[in-house]
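Raw contents of entry_32.txt, compact mmCIF, C-alpha atoms:
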```
# COMPACT_ATOMS: atom_id res chain seq x y z
CA MET P 119 0.00 0.00 0.00
CA ASN P 120 1.25 3.42 -0.99
CA ILE P 121 0.94 5.85 1.93
CA HIS P 122 1.81 9.53 1.63
CA PHE P 123 2.09 11.55 4.84
CA LYS P 124 1.87 15.33 4.47
CA LEU P 125 2.28 18.12 6.95
CA SER P 126 3.00 21.79 6.54
CA SER P 127 6.54 23.13 6.81
CA ALA P 128 5.36 25.32 9.68
CA MET P 129 4.13 22.26 11.57
CA LEU P 130 7.35 20.37 10.90
CA ASN P 131 9.33 23.27 12.35
CA HIS P 132 6.98 23.38 15.33
CA VAL P 133 7.35 19.62 15.90
CA ILE P 134 11.15 19.72 15.72
CA GLY P 135 11.26 22.81 17.93
CA ASP P 136 9.24 20.97 20.55
CA LEU P 137 11.08 17.66 20.36
CA VAL P 138 14.58 19.12 20.75
CA ARG P 139 13.70 20.80 24.04
CA PRO P 140 15.45 19.12 26.97
CA HIS P 141 13.24 17.34 29.49
CA PRO P 142 14.00 17.23 33.23
CA PHE P 143 14.71 13.49 33.09
CA ALA P 144 13.62 11.93 29.79
CA ALA P 145 16.37 11.60 27.18
CA GLU P 146 14.01 12.47 24.36
CA ARG P 147 10.55 13.90 23.83
CA ALA P 148 7.56 12.67 21.87
CA GLY P 149 4.30 14.12 20.61
CA PHE P 150 1.24 13.23 18.56
CA ILE P 151 -0.02 14.61 15.28
CA GLY P 152 -3.77 14.60 14.71
CA CYS P 153 -4.47 13.90 11.05
CA LYS P 154 -7.20 13.54 8.48
CA VAL P 155 -7.20 10.90 5.77
CA SER P 156 -7.97 10.91 2.09
CA ARG P 157 -7.63 8.57 -0.86
CA SER P 158 -5.60 9.23 -3.97
CA ARG P 159 -5.05 7.34 -7.20
CA GLU P 160 -1.76 6.06 -5.81
CA GLY P 161 -2.88 5.09 -2.33
CA ILE P 162 -3.86 7.02 0.76
CA LEU P 163 -2.98 10.45 2.07
CA ILE P 164 -2.44 11.15 5.76
CA LEU P 165 -2.76 14.89 6.33
CA GLY P 166 -1.27 16.32 9.51
CA HIS P 167 -3.29 19.12 11.11
CA THR P 168 -2.68 19.48 14.85
CA TYR P 169 0.47 18.84 16.84
CA MET P 170 -0.13 17.73 20.38
CA THR P 171 2.84 18.32 22.64
CA LEU P 172 3.25 16.07 25.68
CA GLN P 173 3.32 17.83 29.03
CA ASP P 174 6.45 17.30 31.13
CA ASN P 175 4.50 15.42 33.80
CA TRP P 176 3.18 12.93 31.24
CA TYR P 177 6.63 11.33 31.02
CA THR P 178 7.63 8.40 33.25
CA ASP P 179 11.11 8.23 34.71
CA ASP P 180 12.20 4.84 33.39
CA GLN P 181 15.91 4.63 32.51
CA ARG P 182 15.32 1.66 30.20
CA TYR P 183 13.73 4.00 27.69
CA GLY P 184 14.77 7.28 26.10
CA CYS P 185 11.16 8.35 26.43
CA PHE P 186 8.29 6.66 28.17
CA PHE P 187 4.95 8.43 28.51
CA ASN P 188 2.15 7.57 30.87
CA ALA P 189 -1.56 6.89 30.55
CA ASP P 190 -2.42 10.61 30.72
CA ALA P 191 -0.60 11.13 27.43
CA MET P 192 -2.45 8.29 25.75
CA ARG P 193 -5.73 9.44 27.21
CA ALA P 194 -5.27 12.95 25.80
CA ALA P 195 -4.30 11.62 22.37
CA MET P 196 -7.24 9.21 22.31
CA GLN P 197 -9.60 11.98 23.34
CA PHE P 198 -8.30 14.10 20.46
CA ALA P 199 -8.88 11.22 18.04
CA LEU P 200 -12.40 10.70 19.35
CA THR P 201 -13.41 14.36 19.38
CA ASN P 202 -11.99 15.23 15.97
CA ASP P 203 -12.47 11.94 14.13
CA ALA P 204 -8.72 12.01 13.71
CA SER P 205 -6.03 9.60 12.73
CA MET P 206 -3.20 9.78 15.27
CA PHE P 207 0.53 9.60 14.60
CA HIS P 208 3.09 9.41 17.36
CA VAL P 209 6.28 11.33 16.56
CA HIS P 210 9.75 11.45 18.06
CA MET P 211 13.15 12.59 16.87
CA HIS P 212 16.61 11.18 16.29
CA GLU P 213 18.91 14.17 16.25
CA HIS P 214 21.13 13.42 13.27
CA MET P 215 21.18 14.16 9.56
CA GLY P 216 19.91 11.66 7.01
CA LEU P 217 17.18 9.05 6.95
CA PRO P 218 16.24 7.95 10.48
CA TRP P 219 14.75 4.61 11.48
CA PHE P 220 13.10 3.16 14.53
CA SER P 221 15.04 1.34 17.24
CA ARG P 222 13.96 -2.13 18.31
CA ILE P 223 12.37 -0.62 21.41
CA ASP P 224 10.54 1.95 19.24
CA LEU P 225 9.14 -0.84 17.08
CA ARG P 226 8.16 -3.03 20.00
CA GLU P 227 6.43 -0.28 21.96
CA SER P 228 4.68 1.36 19.03
CA SER P 229 3.24 -1.98 17.97
CA LYS P 230 1.62 -2.06 21.42
CA PHE P 231 0.18 1.45 21.73
CA VAL P 232 -0.61 2.48 18.14
CA PRO P 233 -3.34 -0.15 17.64
CA ASP P 234 -4.94 1.15 20.85
CA PHE P 235 -6.23 4.09 18.82
CA TRP P 236 -8.55 1.65 17.07
CA ASN P 237 -10.45 1.47 20.34
CA VAL P 238 -11.73 4.99 19.62
CA ARG P 239 -11.33 5.30 15.85
CA PRO P 240 -11.38 1.77 14.38
CA ASN P 241 -11.84 2.87 10.76
CA LEU P 242 -8.82 5.13 10.57
CA PRO P 243 -5.14 4.37 10.03
CA HIS P 244 -2.79 5.34 12.87
CA GLY P 245 0.97 5.22 13.13
CA THR P 246 4.30 6.55 14.19
CA LEU P 247 6.93 8.84 12.70
CA VAL P 248 10.57 9.40 13.44
CA VAL P 249 12.11 12.64 12.22
CA SER P 250 15.76 13.60 11.93
CA LYS P 251 17.19 17.05 11.28
CA ASP P 252 16.47 16.77 7.55
CA SER P 253 14.50 13.60 6.91
CA ALA P 254 11.78 11.35 8.30
CA ALA P 255 10.37 7.84 8.18
CA GLY P 256 7.13 6.33 9.32
CA LEU P 257 4.96 3.30 9.87
CA CYS P 258 1.22 3.13 9.42
CA TRP P 259 -1.23 0.60 10.82
CA TYR P 260 -4.12 0.33 8.39
CA PRO P 261 -7.51 -0.85 9.70
CA SER P 262 -7.88 -4.63 9.80
CA GLU P 263 -4.18 -5.16 9.09
CA ASN P 264 -2.01 -6.47 11.90
CA LYS P 265 1.36 -5.46 10.50
CA PRO P 266 2.33 -1.86 9.82
CA ASN P 267 3.11 -0.52 6.36
CA ARG P 268 6.13 1.65 5.78
CA ILE P 269 5.09 5.16 4.78
CA SER P 270 6.36 5.63 1.25
CA ARG P 271 6.33 9.41 1.07
CA ILE P 272 6.60 12.14 3.68
CA THR P 273 6.28 15.70 2.42
CA ALA P 274 6.50 19.01 4.23
CA VAL P 275 4.35 21.38 2.20
CA GLY P 276 5.58 24.97 2.12
CA PHE P 277 8.47 26.97 0.85
CA PRO P 278 10.46 25.14 -0.12
CA MET P 279 8.68 21.82 -0.48
CA LYS P 280 10.62 19.25 1.54
CA PHE P 281 10.45 15.67 0.38
CA LEU P 282 11.60 13.98 3.57
CA GLU P 283 10.97 10.44 2.42
CA ARG P 284 10.27 9.37 -1.14
CA LEU P 285 10.33 5.64 -1.87
CA THR P 286 8.07 5.85 -4.94
CA MET F 1142 23.14 15.14 -13.84
CA ASN F 1143 23.25 14.26 -17.55
CA GLY F 1144 23.99 16.80 -20.24
CA ARG F 1145 20.39 17.52 -20.94
CA PHE F 1146 19.92 19.59 -17.82
CA SER F 1147 23.44 20.98 -17.52
CA ARG F 1148 22.24 24.54 -18.16
CA GLN F 1149 19.99 24.42 -15.10
CA SER F 1150 22.46 22.73 -12.76
CA PHE F 1151 22.30 25.81 -10.52
CA LEU F 1152 18.98 24.41 -9.30
CA GLY F 1153 20.88 21.80 -7.30
CA ALA F 1154 22.58 18.45 -7.69
CA ASN F 1155 19.38 16.57 -6.89
CA SER F 1156 17.04 18.73 -8.93
CA GLU F 1157 16.96 16.39 -11.92
CA PHE F 1158 15.90 13.44 -9.77
CA LEU F 1159 13.48 15.61 -7.80
CA PHE F 1160 11.74 17.04 -10.87
CA ARG F 1161 11.46 13.55 -12.37
CA SER F 1162 9.68 12.25 -9.28
CA VAL F 1163 7.23 15.13 -8.87
CA ARG F 1164 3.68 14.95 -10.25
CA ALA F 1165 2.12 18.17 -11.51
CA ALA F 1166 -1.57 18.50 -12.28
CA ILE F 1167 -2.63 20.92 -14.98
CA VAL F 1168 -6.33 21.71 -14.86
CA GLY F 1169 -7.31 23.25 -18.18
CA LEU F 1170 -5.14 22.69 -21.24
CA GLY F 1171 -6.00 25.81 -23.20
CA GLY F 1172 -3.85 28.87 -23.73
CA GLY F 1173 -2.32 28.87 -20.25
CA GLY F 1174 -2.23 25.17 -19.43
CA SER F 1175 -0.63 24.14 -22.71
CA HIS F 1176 2.22 26.58 -22.08
CA ILE F 1177 2.66 25.19 -18.58
CA ALA F 1178 2.73 21.60 -19.89
CA GLN F 1179 5.43 22.52 -22.39
CA HIS F 1180 7.58 24.46 -19.92
CA SER F 1181 7.27 21.79 -17.23
CA ALA F 1182 8.33 19.07 -19.66
CA HIS F 1183 11.35 21.13 -20.73
CA VAL F 1184 12.45 21.68 -17.16
CA GLY F 1185 12.26 17.92 -16.50
CA ILE F 1186 9.03 17.33 -14.58
CA GLY F 1187 8.47 13.60 -14.92
CA ARG F 1188 4.85 13.02 -13.95
CA PHE F 1189 1.71 14.76 -15.09
CA ALA F 1190 -2.03 14.61 -14.52
CA LEU F 1191 -3.87 16.52 -17.24
CA PHE F 1192 -7.55 17.46 -16.96
CA ASP F 1193 -9.64 18.99 -19.73
CA PRO F 1194 -12.85 17.68 -21.27
CA ASP F 1195 -12.52 19.74 -24.45
CA THR F 1196 -11.32 18.94 -27.93
CA THR F 1197 -9.24 21.19 -30.14
CA GLU F 1198 -11.20 23.66 -32.28
CA PHE F 1199 -9.97 26.18 -34.82
CA PRO F 1200 -10.40 29.16 -32.43
CA ASN F 1201 -7.94 27.42 -30.05
CA LEU F 1202 -5.10 27.55 -32.56
CA ASN F 1203 -4.28 31.19 -31.80
CA ARG F 1204 -2.88 30.24 -28.38
CA THR F 1205 -2.83 26.51 -27.60
CA VAL F 1206 0.81 25.51 -27.67
CA GLY F 1207 1.35 22.20 -29.46
CA ALA F 1208 -2.01 22.13 -31.23
CA THR F 1209 -1.91 21.81 -35.02
CA PHE F 1210 -4.22 22.53 -37.93
CA GLU F 1211 -4.76 18.77 -38.19
CA ASP F 1212 -5.80 18.61 -34.51
CA ALA F 1213 -8.50 21.18 -35.16
CA ILE F 1214 -9.80 19.20 -38.13
CA SER F 1215 -9.84 15.92 -36.24
CA LYS F 1216 -10.93 17.52 -32.93
CA THR F 1217 -8.08 15.96 -30.96
CA PRO F 1218 -8.70 16.11 -27.20
CA LYS F 1219 -6.62 18.87 -25.63
CA VAL F 1220 -5.16 16.46 -23.09
CA ILE F 1221 -3.90 14.27 -25.94
CA VAL F 1222 -2.30 17.28 -27.63
CA ALA F 1223 -0.55 18.11 -24.35
CA GLU F 1224 0.49 14.50 -23.76
CA ARG F 1225 1.98 14.32 -27.26
CA MET F 1226 3.90 17.54 -26.66
CA ILE F 1227 5.21 16.41 -23.26
CA LYS F 1228 6.29 13.01 -24.59
CA GLY F 1229 7.94 14.68 -27.56
CA ILE F 1230 10.16 16.57 -25.13
CA ASN F 1231 10.52 13.78 -22.59
CA PRO F 1232 9.54 10.30 -23.82
CA TYR F 1233 9.94 8.90 -20.31
CA ALA F 1234 7.37 11.20 -18.72
CA GLU F 1235 4.42 9.49 -17.07
CA VAL F 1236 1.28 11.26 -18.22
CA TRP F 1237 -2.31 10.72 -17.10
CA PRO F 1238 -4.39 12.37 -19.82
CA MET F 1239 -7.95 12.69 -18.54
CA GLN F 1240 -10.51 14.05 -20.92
CA LEU F 1241 -12.91 15.08 -18.19
CA GLU F 1242 -13.57 17.73 -15.60
CA TRP F 1243 -11.21 17.37 -12.67
CA GLN F 1244 -14.19 16.99 -10.29
CA LYS F 1245 -14.87 13.61 -11.86
CA ASP F 1246 -11.51 12.23 -10.78
CA PHE F 1247 -10.60 13.67 -7.39
CA GLU F 1248 -8.30 10.75 -6.67
CA SER F 1249 -5.98 11.58 -9.56
CA LEU F 1250 -5.85 15.22 -8.52
CA ARG F 1251 -5.00 14.26 -4.95
CA ALA F 1252 -2.03 12.21 -6.16
CA CYS F 1253 -0.31 15.38 -7.35
CA ASP F 1254 2.33 17.41 -5.54
CA VAL F 1255 1.36 20.73 -7.12
CA VAL F 1256 -1.69 21.83 -9.12
CA PHE F 1257 -1.77 24.46 -11.85
CA GLY F 1258 -5.21 26.00 -12.17
CA CYS F 1259 -5.92 27.33 -15.64
CA LEU F 1260 -9.67 27.73 -15.39
CA ASP F 1261 -12.12 30.44 -16.30
CA GLY F 1262 -14.47 31.79 -13.66
CA PHE F 1263 -14.33 32.45 -9.95
CA SER F 1264 -16.56 29.61 -8.78
CA ARG F 1265 -14.52 26.96 -10.58
CA ARG F 1266 -11.35 28.44 -9.12
CA ALA F 1267 -12.88 28.40 -5.64
CA GLN F 1268 -13.89 24.74 -6.05
CA LEU F 1269 -10.43 23.76 -7.22
CA GLU F 1270 -8.83 25.61 -4.33
CA GLU F 1271 -11.05 23.80 -1.83
CA SER F 1272 -10.09 20.43 -3.28
CA CYS F 1273 -6.40 21.33 -3.19
CA ARG F 1274 -6.65 22.52 0.40
CA ARG F 1275 -8.33 19.26 1.42
CA ALA F 1276 -5.30 17.34 0.14
CA MET F 1277 -2.65 19.93 1.17
CA ILE F 1278 -1.62 20.67 -2.39
CA PRO F 1279 -0.17 24.04 -3.40
CA LEU F 1280 -2.28 25.60 -6.15
CA ILE F 1281 -0.82 28.02 -8.68
CA ASP F 1282 -3.59 29.79 -10.56
CA ILE F 1283 -3.22 31.83 -13.72
CA GLY F 1284 -5.75 33.74 -15.77
CA MET F 1285 -6.11 36.65 -18.13
CA ASP F 1286 -8.81 38.83 -19.60
CA VAL F 1287 -9.18 41.23 -22.46
CA HIS F 1288 -11.51 43.94 -21.26
CA LYS F 1289 -13.77 45.50 -23.82
CA GLY F 1290 -13.72 49.27 -23.93
CA GLU F 1291 -12.19 52.22 -25.68
CA PRO F 1292 -9.42 51.17 -25.89
CA TYR F 1293 -9.20 47.45 -25.13
CA SER F 1294 -7.17 46.47 -22.09
CA ILE F 1295 -5.36 43.25 -21.20
CA SER F 1296 -4.84 42.13 -17.62
CA GLY F 1297 -4.21 38.93 -15.74
CA GLN F 1298 -2.82 37.36 -12.61
CA VAL F 1299 -0.74 34.60 -11.08
CA VAL F 1300 -1.95 33.64 -7.60
CA VAL F 1301 -0.47 31.02 -5.27
CA SER F 1302 -2.71 29.34 -2.71
CA MET F 1303 -0.45 27.53 -0.28
CA PRO F 1304 -1.91 25.26 2.43
CA GLU F 1305 -2.06 27.04 5.81
CA LYS F 1306 -1.36 30.37 4.09
CA PRO F 1307 -3.85 33.01 2.93
CA CYS F 1308 -6.38 31.63 0.46
CA PHE F 1309 -7.88 33.28 -2.62
CA LYS F 1310 -10.48 35.00 -0.46
CA CYS F 1311 -7.93 36.17 2.13
CA LEU F 1312 -5.80 37.61 -0.67
CA GLY F 1313 -8.77 39.45 -2.13
CA PHE F 1314 -8.55 37.55 -5.39
CA ILE F 1315 -12.00 36.01 -5.00
CA ARG F 1316 -14.74 38.00 -3.28
CA ASP F 1317 -18.23 36.83 -2.42
CA LYS F 1318 -19.55 39.52 -4.75
CA ASP F 1319 -17.58 37.98 -7.65
CA LEU F 1320 -19.15 34.59 -6.96
CA ASP F 1321 -22.63 36.10 -6.72
CA ASP F 1322 -22.21 38.07 -9.94
CA GLU F 1323 -20.91 35.01 -11.72
CA GLY F 1324 -23.82 32.95 -10.43
CA ARG F 1325 -26.27 35.45 -11.90
CA ARG F 1326 -24.52 35.29 -15.26
CA TYR F 1327 -24.50 31.47 -15.25
CA GLY F 1328 -25.38 30.09 -18.66
CA GLU F 1329 -24.31 33.12 -20.63
CA ALA F 1330 -22.51 31.95 -23.71
CA GLY F 1331 -19.49 33.43 -25.33
CA GLY F 1332 -15.80 32.87 -25.70
CA ASN F 1333 -13.73 35.59 -24.07
CA PRO F 1334 -10.89 37.09 -26.08
CA GLN F 1335 -7.57 35.32 -25.38
CA VAL F 1336 -4.09 35.81 -26.80
CA VAL F 1337 -0.97 33.72 -26.78
CA TRP F 1338 1.60 36.25 -25.55
CA SER F 1339 -0.04 37.19 -22.28
CA ASN F 1340 -0.86 33.55 -21.56
CA GLY F 1341 2.82 32.86 -22.13
CA VAL F 1342 3.97 35.50 -19.63
CA LEU F 1343 1.64 34.18 -16.94
CA ALA F 1344 2.40 30.51 -17.60
CA SER F 1345 6.16 31.07 -17.60
CA THR F 1346 5.90 32.92 -14.30
CA ALA F 1347 3.78 30.12 -12.83
CA VAL F 1348 6.37 27.52 -13.80
CA GLY F 1349 9.10 29.71 -12.31
CA ILE F 1350 7.18 29.82 -9.03
CA PHE F 1351 6.75 26.04 -9.19
CA ILE F 1352 10.48 25.49 -9.63
CA GLN F 1353 11.25 28.01 -6.89
CA LEU F 1354 9.04 25.92 -4.57
CA LEU F 1355 10.86 22.70 -5.45
CA ALA F 1356 14.45 23.83 -5.83
CA PRO F 1357 14.82 27.44 -4.73
CA TRP F 1358 17.70 29.23 -6.38
CA CYS F 1359 17.34 32.18 -4.01
CA PRO F 1360 15.72 32.64 -0.60
CA ILE F 1361 12.81 34.81 -1.78
CA SER F 1362 9.66 32.88 -0.93
CA PRO F 1363 6.89 32.49 -3.49
CA GLY F 1364 4.97 30.60 -0.80
CA SER F 1365 2.10 33.01 -1.13
CA ALA F 1366 1.82 35.31 -4.11
CA PHE F 1367 -0.63 37.50 -5.97
CA LEU F 1368 0.99 38.97 -9.05
CA GLY F 1369 -1.01 41.26 -11.24
CA TYR F 1370 -0.29 41.45 -14.96
CA ASP F 1371 -0.79 44.69 -16.85
CA GLY F 1372 -0.84 43.57 -20.44
CA ASP F 1373 -0.98 47.11 -21.74
CA ARG F 1374 2.22 48.20 -20.02
CA PHE F 1375 3.75 44.71 -20.04
CA THR F 1376 4.41 44.63 -16.31
CA LEU F 1377 3.96 41.96 -13.68
CA GLU F 1378 3.92 43.24 -10.10
CA HIS F 1379 2.60 42.30 -6.68
CA ASP F 1380 -1.07 43.18 -6.62
CA ALA F 1381 -1.93 45.86 -4.05
CA ARG F 1382 -4.37 43.43 -2.42
CA PHE F 1383 -1.49 41.06 -1.64
CA ALA F 1384 0.05 43.44 0.89
CA VAL F 1385 -3.21 43.43 2.84
CA GLY F 1386 -4.00 39.74 2.59
CA VAL F 1387 -0.60 38.13 2.99
CA ASN F 1388 -0.63 38.41 6.78
CA HIS F 1389 -4.13 37.00 7.17
CA ASN F 1390 -4.56 33.89 9.23
CA CYS F 1391 -6.83 31.99 6.88
CA GLU F 1392 -10.23 31.47 8.48
CA HIS F 1393 -11.72 29.78 5.45
CA PHE F 1394 -9.67 26.57 5.58
CA GLY F 1395 -8.26 26.48 9.09
CA SER F 1396 -10.13 23.73 10.90
CA ILE F 1397 -9.29 20.06 10.96
CA GLY F 1398 -12.60 19.35 9.24
CA ASP F 1399 -11.36 21.24 6.18
CA LEU F 1400 -8.78 18.52 5.55
CA GLY F 1401 -9.16 15.07 4.09
CA ASP F 1402 -12.11 13.11 2.88
CA PRO F 1403 -15.28 13.87 4.89
CA PHE F 1404 -16.70 10.48 3.87
CA TRP F 1405 -13.59 8.42 4.47
CA LYS F 1406 -13.98 4.66 4.63
CA PRO F 1407 -11.05 2.20 4.72
```

Structure re-expressed in structure tokens:
Amino acid sequence: MNIHFKLSSAMLNHVIGDLVRPHPFAAERAGFIGCKVSRSREGILILGHTYMTLQDNWYTDDQRYGCFFNADAMRAAMQFALTNDASMFHVHMHEHMGLPWFSRIDLRESSKFVPDFWNVRPNLPHGTLVVSKDSAAGLCWYPSENKPNRISRITAVGFPMKFLERLT
Amino acid sequence: MNGRFSRQSFLGANSEFLFRSVRAAIVGLGGGGSHIAQHSAHVGIGRFALFDPDTTEFPNLNRTVGATFEDAISKTPKVIVAERMIKGINPYAEVWPMQLEWQKDFESLRACDVVFGCLDGFSRRAQLEESCRRAMIPLIDIGMDVHKGEPYSISGQVVVSMPEKPCFKCLGFIRDKDLDDEGRRYGEAGGNPQVVWSNGVLASTAVGIFIQLLAPWCPISPGSAFLGYDGDRFTLEHDARFAVGVNHNCEHFGSIGDLGDPFWKP
């Protein structure tokens, strides 16, 4: 399945600006992007609209993880999905140049919490993104599919257009 | 970078690959859209979606780039004329020629990275802008008019509608009054005067804006633009309305419900 994730350049800058902020104890930050979905001739479009920053007290101090958020964070994200009929994408950052990818822990944990969004919005795809300083990658769980699909295109729309990931 | 694009290497080492992978929609393949198709093919754009239900007629030959006398006799669809021209310049281009109104194939439009709007009328422009906003696609609109009077006067515009930036209404390009007036005139027949040279100026500028969005050669942002063309004085300048509208926070397309497919089903 061909999946194209789009967000505005302004939102990308906002996301990166939020994620690079130091946290009192967590090694990295995370957030959620509330999205809408559409269909195109080449697959589906995921359209980022609202960035939801995680409050400092929504992180759990667990040294096994760079970032571990608590139930309040998930509750807020699920409420956003429910209220806005939104597709939800978790996002975090690896602070380097070039194409990023998920760690084994990222993959294991996201495969647990991302499908939870189907409890409130079962007909929508949900997923996770990892951004670097100049690129991004993502996984998308499509309804009724157990395994995630790699997002084939990620585009920041603005001036200039940034094609962060382009597999097709 | 092969030799073909060596004269535009200043656009960046990756520009050839980037242009090849980008899909541009051209909505309306008349005087403006045919120019845009030709220019985009020359610059190396590799994927196209072309929308126009019309066939070539003799009155089109004064301005439709690529159309021939034979096309007018055989009434060749305009999208086929454009496809032939694009493939003549770049045989490897992937072209979707759709001889229909763009509203009948939303999914093809949504697959595009940028849309060129070359339509007549405010309501059709407003509809196209809404569809582009729903899929977060930058829309570059061009249009021209020859105004009847003593003497005649030529004017036109290039307007960029960028997602999350001021829309046509914010920029003052489309006003409710224009839509109302047009609605009252609905059904009136008549082909407006059109000429090749002013279409060419506007189309070339639109393609320049497109390339500046993809591979900027300087830091001046065309992210939002409203350029007015004075075809009598041969000038193209920022429209006075742009200065007022450019700092608007768009209230017409701001909510999450303005994005995506309202009737989405997996």

query: So how many Å separate CA of Met211 (chain P) and CA of Met170 (chain P), to one decimal?
result: 14.7 Å

task: Considering all atoms listed in the file, extract the chain F residues located within 8 Å of chain P and return them as JSON, numbers by chain.
output: {"F": [1162, 1247, 1248, 1249, 1250, 1251, 1252, 1276, 1277, 1278, 1279, 1303, 1304, 1305, 1353, 1354, 1355, 1356, 1357, 1362, 1363, 1364, 1397, 1398, 1400, 1401, 1402, 1405, 1406, 1407]}

query: What is the distance, in Å and to one decimal place, between CA of Val1336 (chain F) and CA of Ala1213 (chain F)?
result: 17.4 Å

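Every protein, DNA or RNA residue with an atom at most 8 Å from Phe207 (chain P), where only C-alpha atoms count and chain neighbours fewer than 6 positions away do not, is listed here: Phe150, Ile151, Gly152, Cys153, His244, Gly245, Thr246 and Leu247 of chain P.
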
message: Every residue with an atom at most 6 Å from (19.9, 12.1, 13.1) (file coordinates; only C-alpha atoms) is what I'm after, so could you write them as JSON, numbers by chain?
response: {"P": [212, 213, 214, 215, 250, 251]}

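Proximity to Asp1321 (chain F) at 12 Å, evaluated using all atoms listed in the file and with sequence-adjacent residues fewer than 4 positions away removed, yields F:Gly1262, F:Phe1263, F:Ser1264, F:Ile1315, F:Arg1316, F:Asp1317, F:Arg1325, F:Arg1326, F:Tyr1327.
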